[in-house]
Structures are given as C-alpha cells and as structure tokens.
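A.B. asks: Structure provided below as structure tokens; questions to follow.
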Amino acid sequence: MIFFSDFDGTLTTNGELTRDFFEIIDYIHKHNHELVIVSGRSLSWGHFFLTHFPLKACIMEGGGVVLHRDERGEIVQEPLVPNVELERLTHFTGQLKHHFPHVPLSADSFGRLTDRAIEFHLMDEQWISDVMVYMEKEKINYSKSNVHINFWCGNISKYLGVKHFLHHYRPGLSQKDAWFFGDAPNDESMFELFHNSVGVSNIEHCLDRLKHKPRIILEGEENIGPKGVLNYVKGLC
Ligand SMILES: [Mg+2]
C-alpha cells in the first residue's frame, strides 16, 4: 500500500510537527508500506523531508516537481512542467512585483522551481482579491492552501503529480492500493480524481468552499490532522 498525504494541516497540528507525525512514519514503515508527502511547500522543503525522514520520495510545489532517491541513494528532482513555463513564471513574478510592490512573496519563494507563493495572511481581503483578479487577467494559475496563495504556469496539480509518480516510479501499484489524505482547497484535484481520498476532520472549516469533497470525511477532535491520518492508517493495515 502507498499513502500520499498533504503536509500542512494534515500531517502538522497548528503548524507544528507533533509525535503523531513521527508515529505515522514509524507505523507505515514498520508495516512495509510507503508514505509520500504531496505538498504545496517548496522543492527545498522536499530536500529536507528526504534528508531527515525515512522517506523515499515526495511531490512538492503542488505537484510541480517529484523528488526521489535513485538506486545510488542520491536525491533526484524531476520538474513536471517544461522550461518555457518556468521562464514565463519568472517573467510574471517580476510583473507582479511591479504592479504590487509590497506583495508578500513567501520567504521560501527563492527555493521554488515550478511555482511561487504569497503569504496571504499579511494581506487584507481587497488586496488578495486584486492580486487574484490580476492573475486571472494574465492567465496565471493559482490556488489557496491554508498557508499560501501559490501561483504557477502550465499544467500542475497534486493529482497530476501523484498520477505521474505512480506511473513512472511505482508502476506495480494502482490507485486502488493508494490512499490520499488532505485538508484544504489545494487538495481538491485529489478529492475530485483520486478514488481513495480522505479528509481529516479539520477540513470542515472549508468544506462549503469545495466543489469536490473527499470521498471519506473524518469527524471529531480525535481526527484532527495527523491524529486522523494515524487512526485511519491503523484501520487499514
Ligand atoms: Mg493542507
């Protein structure tokens, strides 16, 4: 079995890594299954995950880039969008800063390859709306997670990243052997197209904004974030 999981709000609790996170890793490892983090966080975070936790692969930047260890144990990164889109993104980011000089790009935007991120909690509603309208006008894709507004060029989604990963890196596994856990609108492509999708109970804050909901929605305080992931995984294996 393979478990894909969002990171912020799904494997963390109020922004913190708790014992539950390490228990999930241990439990899955002990049962010879695999955990693959699928996050909107940057490529650099992916390097951190693979360096410091016993993980073989992760999918970062909302599905824009796959990181895995090759047969020699070296970390290899595979961007899933062509260079021309990466160049367009660099150009647009310059334009965005020109139109909105104080737009708070995330501190980790420098470590991003296939997208950029904005710290929307530092902006008021009108400012957020103006930026989104500008992106739509310029035909730039964006999504809002529980920490950032991420924007990118080209066809990127968590679902496309996971599909590519299963096809190219774990060809023996089908979607039936795979589960996904998430908590926010930037997980929606997985809720829409991936069969075994599970929302941890804190997803209730944004359920009414989701067009596509997870097939299974956990409830109760005992299923918030990583507690919900751990309980559900224990019920499966
Ligand atoms: Mg999340």
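Residues are named by chain letter and number: chains run A, B, ... in the order of the structure tokens, numbers start at 1 in each chain, and ligands are numbered from 1 in the order shown.
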I want to know what sits within 12 Å of A:Lys227, based on only C-alpha atoms, with residues of the same chain fewer than 6 positions away left out; could you give that as a PyMOL selection string?

C.D. replies: chain A and resi 9-13+17-24+181+199-202+218-221+233-234

A.B. asks: List all protein, DNA and RNA residues that have any atom at most 10 Å from ligand 1, counting only C-alpha atoms and all ligand atoms, and write the list as a PyMOL selection string.

C.D. replies: chain A and resi 5-12+38-41+144-148+181-187+200+202-203+225

A.B. asks: Which is closest to A:Ser197 among A:His168, A:His33, A:Lys213, A:His121, if we use only C-alpha atoms?

C.D. replies: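 Among the listed residues, the smallest separation from A:Ser197 belongs to A:Lys213.
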
A.B. asks: Please run DSSP on the backbone and report, as a PyMOL selection string, all residues within stretch 37-219 of chain A that come out as strand (DSSP E or B).

C.D. replies: chain A and resi 37-38+57-60+65-69+75-79+105+115-118+141-144+149-152+178-182+197-199+216-217

A.B. asks: What does the file look like for those residues with N, CA and C atoms, as an mmCIF file, in the first residue's frame?

C.D. replies:
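And here is the file that came out, part20.cif:
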data_model
loop_
_atom_site.group_PDB
_atom_site.id
_atom_site.type_symbol
_atom_site.label_atom_id
_atom_site.label_comp_id
_atom_site.auth_asym_id
_atom_site.auth_seq_id
_atom_site.Cartn_x
_atom_site.Cartn_y
_atom_site.Cartn_z
ATOM 1 N N ILE A 37 4.855 12.402 0.834
ATOM 2 C CA ILE A 37 4.261 13.707 1.129
ATOM 3 C C ILE A 37 3.978 14.432 -0.185
ATOM 4 N N VAL A 38 2.765 14.996 -0.292
ATOM 5 C CA VAL A 38 2.362 15.736 -1.503
ATOM 6 C C VAL A 38 1.973 17.133 -1.035
ATOM 7 N N ALA A 57 10.460 9.317 -1.390
ATOM 8 C CA ALA A 57 10.054 10.269 -2.427
ATOM 9 C C ALA A 57 9.056 11.268 -1.855
ATOM 10 N N CYS A 58 8.952 12.408 -2.507
ATOM 11 C CA CYS A 58 7.877 13.341 -2.181
ATOM 12 C C CYS A 58 7.543 14.153 -3.427
ATOM 13 N N ILE A 59 6.356 14.727 -3.420
ATOM 14 C CA ILE A 59 5.873 15.506 -4.564
ATOM 15 C C ILE A 59 5.613 16.912 -4.023
ATOM 16 N N MET A 60 6.362 17.896 -4.546
ATOM 17 C CA MET A 60 6.336 19.227 -3.954
ATOM 18 C C MET A 60 5.739 20.252 -4.911
ATOM 19 N N VAL A 65 6.836 19.217 -9.002
ATOM 20 C CA VAL A 65 8.145 18.553 -9.042
ATOM 21 C C VAL A 65 8.152 17.301 -8.143
ATOM 22 N N VAL A 66 8.734 16.229 -8.680
ATOM 23 C CA VAL A 66 8.870 14.976 -7.929
ATOM 24 C C VAL A 66 10.322 14.864 -7.471
ATOM 25 N N LEU A 67 10.515 14.525 -6.209
ATOM 26 C CA LEU A 67 11.865 14.238 -5.711
ATOM 27 C C LEU A 67 11.909 12.789 -5.261
ATOM 28 N N HIS A 68 12.968 12.094 -5.618
ATOM 29 C CA HIS A 68 13.091 10.713 -5.154
ATOM 30 C C HIS A 68 14.563 10.359 -5.037
ATOM 31 N N ARG A 69 14.830 9.271 -4.334
ATOM 32 C CA ARG A 69 16.211 8.798 -4.248
ATOM 33 C C ARG A 69 16.422 7.754 -5.328
ATOM 34 N N ILE A 75 19.493 12.116 -4.221
ATOM 35 C CA ILE A 75 18.187 12.756 -4.442
ATOM 36 C C ILE A 75 18.143 13.333 -5.858
ATOM 37 N N VAL A 76 17.097 12.938 -6.590
ATOM 38 C CA VAL A 76 16.921 13.413 -7.967
ATOM 39 C C VAL A 76 15.610 14.176 -8.036
ATOM 40 N N GLN A 77 15.622 15.311 -8.728
ATOM 41 C CA GLN A 77 14.370 16.064 -8.856
ATOM 42 C C GLN A 77 13.913 16.104 -10.309
ATOM 43 N N GLU A 78 12.614 15.907 -10.491
ATOM 44 C CA GLU A 78 12.062 15.922 -11.846
ATOM 45 C C GLU A 78 10.929 16.962 -11.929
ATOM 46 N N PRO A 79 11.179 18.120 -12.549
ATOM 47 C CA PRO A 79 10.083 19.071 -12.732
ATOM 48 C C PRO A 79 9.085 18.518 -13.741
ATOM 49 N N LEU A 105 5.685 38.022 -1.032
ATOM 50 C CA LEU A 105 6.087 36.693 -1.526
ATOM 51 C C LEU A 105 6.663 35.911 -0.344
ATOM 52 N N ASP A 115 6.685 26.956 -9.010
ATOM 53 C CA ASP A 115 5.650 27.900 -8.596
ATOM 54 C C ASP A 115 6.264 28.945 -7.680
ATOM 55 N N ARG A 116 5.459 29.922 -7.275
ATOM 56 C CA ARG A 116 5.855 30.911 -6.265
ATOM 57 C C ARG A 116 4.711 30.975 -5.262
ATOM 58 N N ALA A 117 4.956 31.582 -4.108
ATOM 59 C CA ALA A 117 3.912 31.612 -3.084
ATOM 60 C C ALA A 117 3.812 32.991 -2.442
ATOM 61 N N ILE A 118 2.588 33.314 -2.021
ATOM 62 C CA ILE A 118 2.306 34.604 -1.374
ATOM 63 C C ILE A 118 1.770 34.332 0.028
ATOM 64 N N ASN A 141 -2.181 30.492 -13.289
ATOM 65 C CA ASN A 141 -2.927 29.584 -12.406
ATOM 66 C C ASN A 141 -2.579 29.869 -10.943
ATOM 67 N N TYR A 142 -3.549 29.693 -10.066
ATOM 68 C CA TYR A 142 -3.244 29.862 -8.641
ATOM 69 C C TYR A 142 -4.179 29.010 -7.795
ATOM 70 N N SER A 143 -3.766 28.730 -6.572
ATOM 71 C CA SER A 143 -4.670 28.091 -5.612
ATOM 72 C C SER A 143 -4.281 28.534 -4.215
ATOM 73 N N LYS A 144 -5.244 28.427 -3.326
ATOM 74 C CA LYS A 144 -5.029 28.897 -1.961
ATOM 75 C C LYS A 144 -4.943 27.686 -1.039
ATOM 76 N N ILE A 149 -1.018 31.559 -1.025
ATOM 77 C CA ILE A 149 -1.583 31.514 -2.376
ATOM 78 C C ILE A 149 -0.414 31.103 -3.261
ATOM 79 N N ASN A 150 -0.512 29.951 -3.890
ATOM 80 C CA ASN A 150 0.544 29.503 -4.814
ATOM 81 C C ASN A 150 0.130 29.863 -6.225
ATOM 82 N N PHE A 151 1.096 30.263 -7.046
ATOM 83 C CA PHE A 151 0.769 30.507 -8.459
ATOM 84 C C PHE A 151 1.841 29.911 -9.356
ATOM 85 N N TRP A 152 1.423 29.524 -10.580
ATOM 86 C CA TRP A 152 2.323 28.802 -11.476
ATOM 87 C C TRP A 152 1.851 28.936 -12.918
ATOM 88 N N ALA A 178 -3.707 2.741 -3.171
ATOM 89 C CA ALA A 178 -3.172 4.025 -2.734
ATOM 90 C C ALA A 178 -4.249 4.863 -2.045
ATOM 91 N N TRP A 179 -3.806 5.618 -1.031
ATOM 92 C CA TRP A 179 -4.724 6.491 -0.291
ATOM 93 C C TRP A 179 -4.158 7.898 -0.277
ATOM 94 N N PHE A 180 -5.056 8.860 -0.172
ATOM 95 C CA PHE A 180 -4.608 10.246 -0.059
ATOM 96 C C PHE A 180 -5.319 10.933 1.100
ATOM 97 N N PHE A 181 -4.562 11.705 1.876
ATOM 98 C CA PHE A 181 -5.123 12.489 2.981
ATOM 99 C C PHE A 181 -4.904 13.974 2.728
ATOM 100 N N GLY A 182 -5.927 14.773 2.992
ATOM 101 C CA GLY A 182 -5.781 16.210 2.791
ATOM 102 C C GLY A 182 -6.731 17.001 3.666
ATOM 103 N N SER A 197 -9.791 8.988 -1.329
ATOM 104 C CA SER A 197 -9.393 10.252 -0.717
ATOM 105 C C SER A 197 -10.069 10.415 0.645
ATOM 106 N N VAL A 198 -9.277 10.921 1.598
ATOM 107 C CA VAL A 198 -9.759 11.075 2.966
ATOM 108 C C VAL A 198 -9.480 12.506 3.428
ATOM 109 N N GLY A 199 -10.490 13.159 3.978
ATOM 110 C CA GLY A 199 -10.292 14.484 4.569
ATOM 111 C C GLY A 199 -10.191 14.340 6.073
ATOM 112 N N ILE A 216 -14.116 10.207 1.779
ATOM 113 C CA ILE A 216 -14.321 9.933 3.200
ATOM 114 C C ILE A 216 -13.954 11.184 3.986
ATOM 115 N N ILE A 217 -14.851 11.609 4.864
ATOM 116 C CA ILE A 217 -14.560 12.798 5.674
ATOM 117 C C ILE A 217 -14.572 12.384 7.140
#

A.B. asks: With only C-alpha atoms as the atoms that count, which of A:Ile28, A:Phe100, A:Glu85, A:Gly172 lies nearest to A:Asp130?

C.D. replies: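 Going through A:Ile28, A:Phe100, A:Glu85, A:Gly172 one by one, the smallest distance to A:Asp130 is for A:Phe100.
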
A.B. asks: Run DSSP on the backbone and grab whatever in stretch 1-234 of chain A lands in alpha helix (DSSP H); send it over as a count of residues only.

C.D. replies: 80
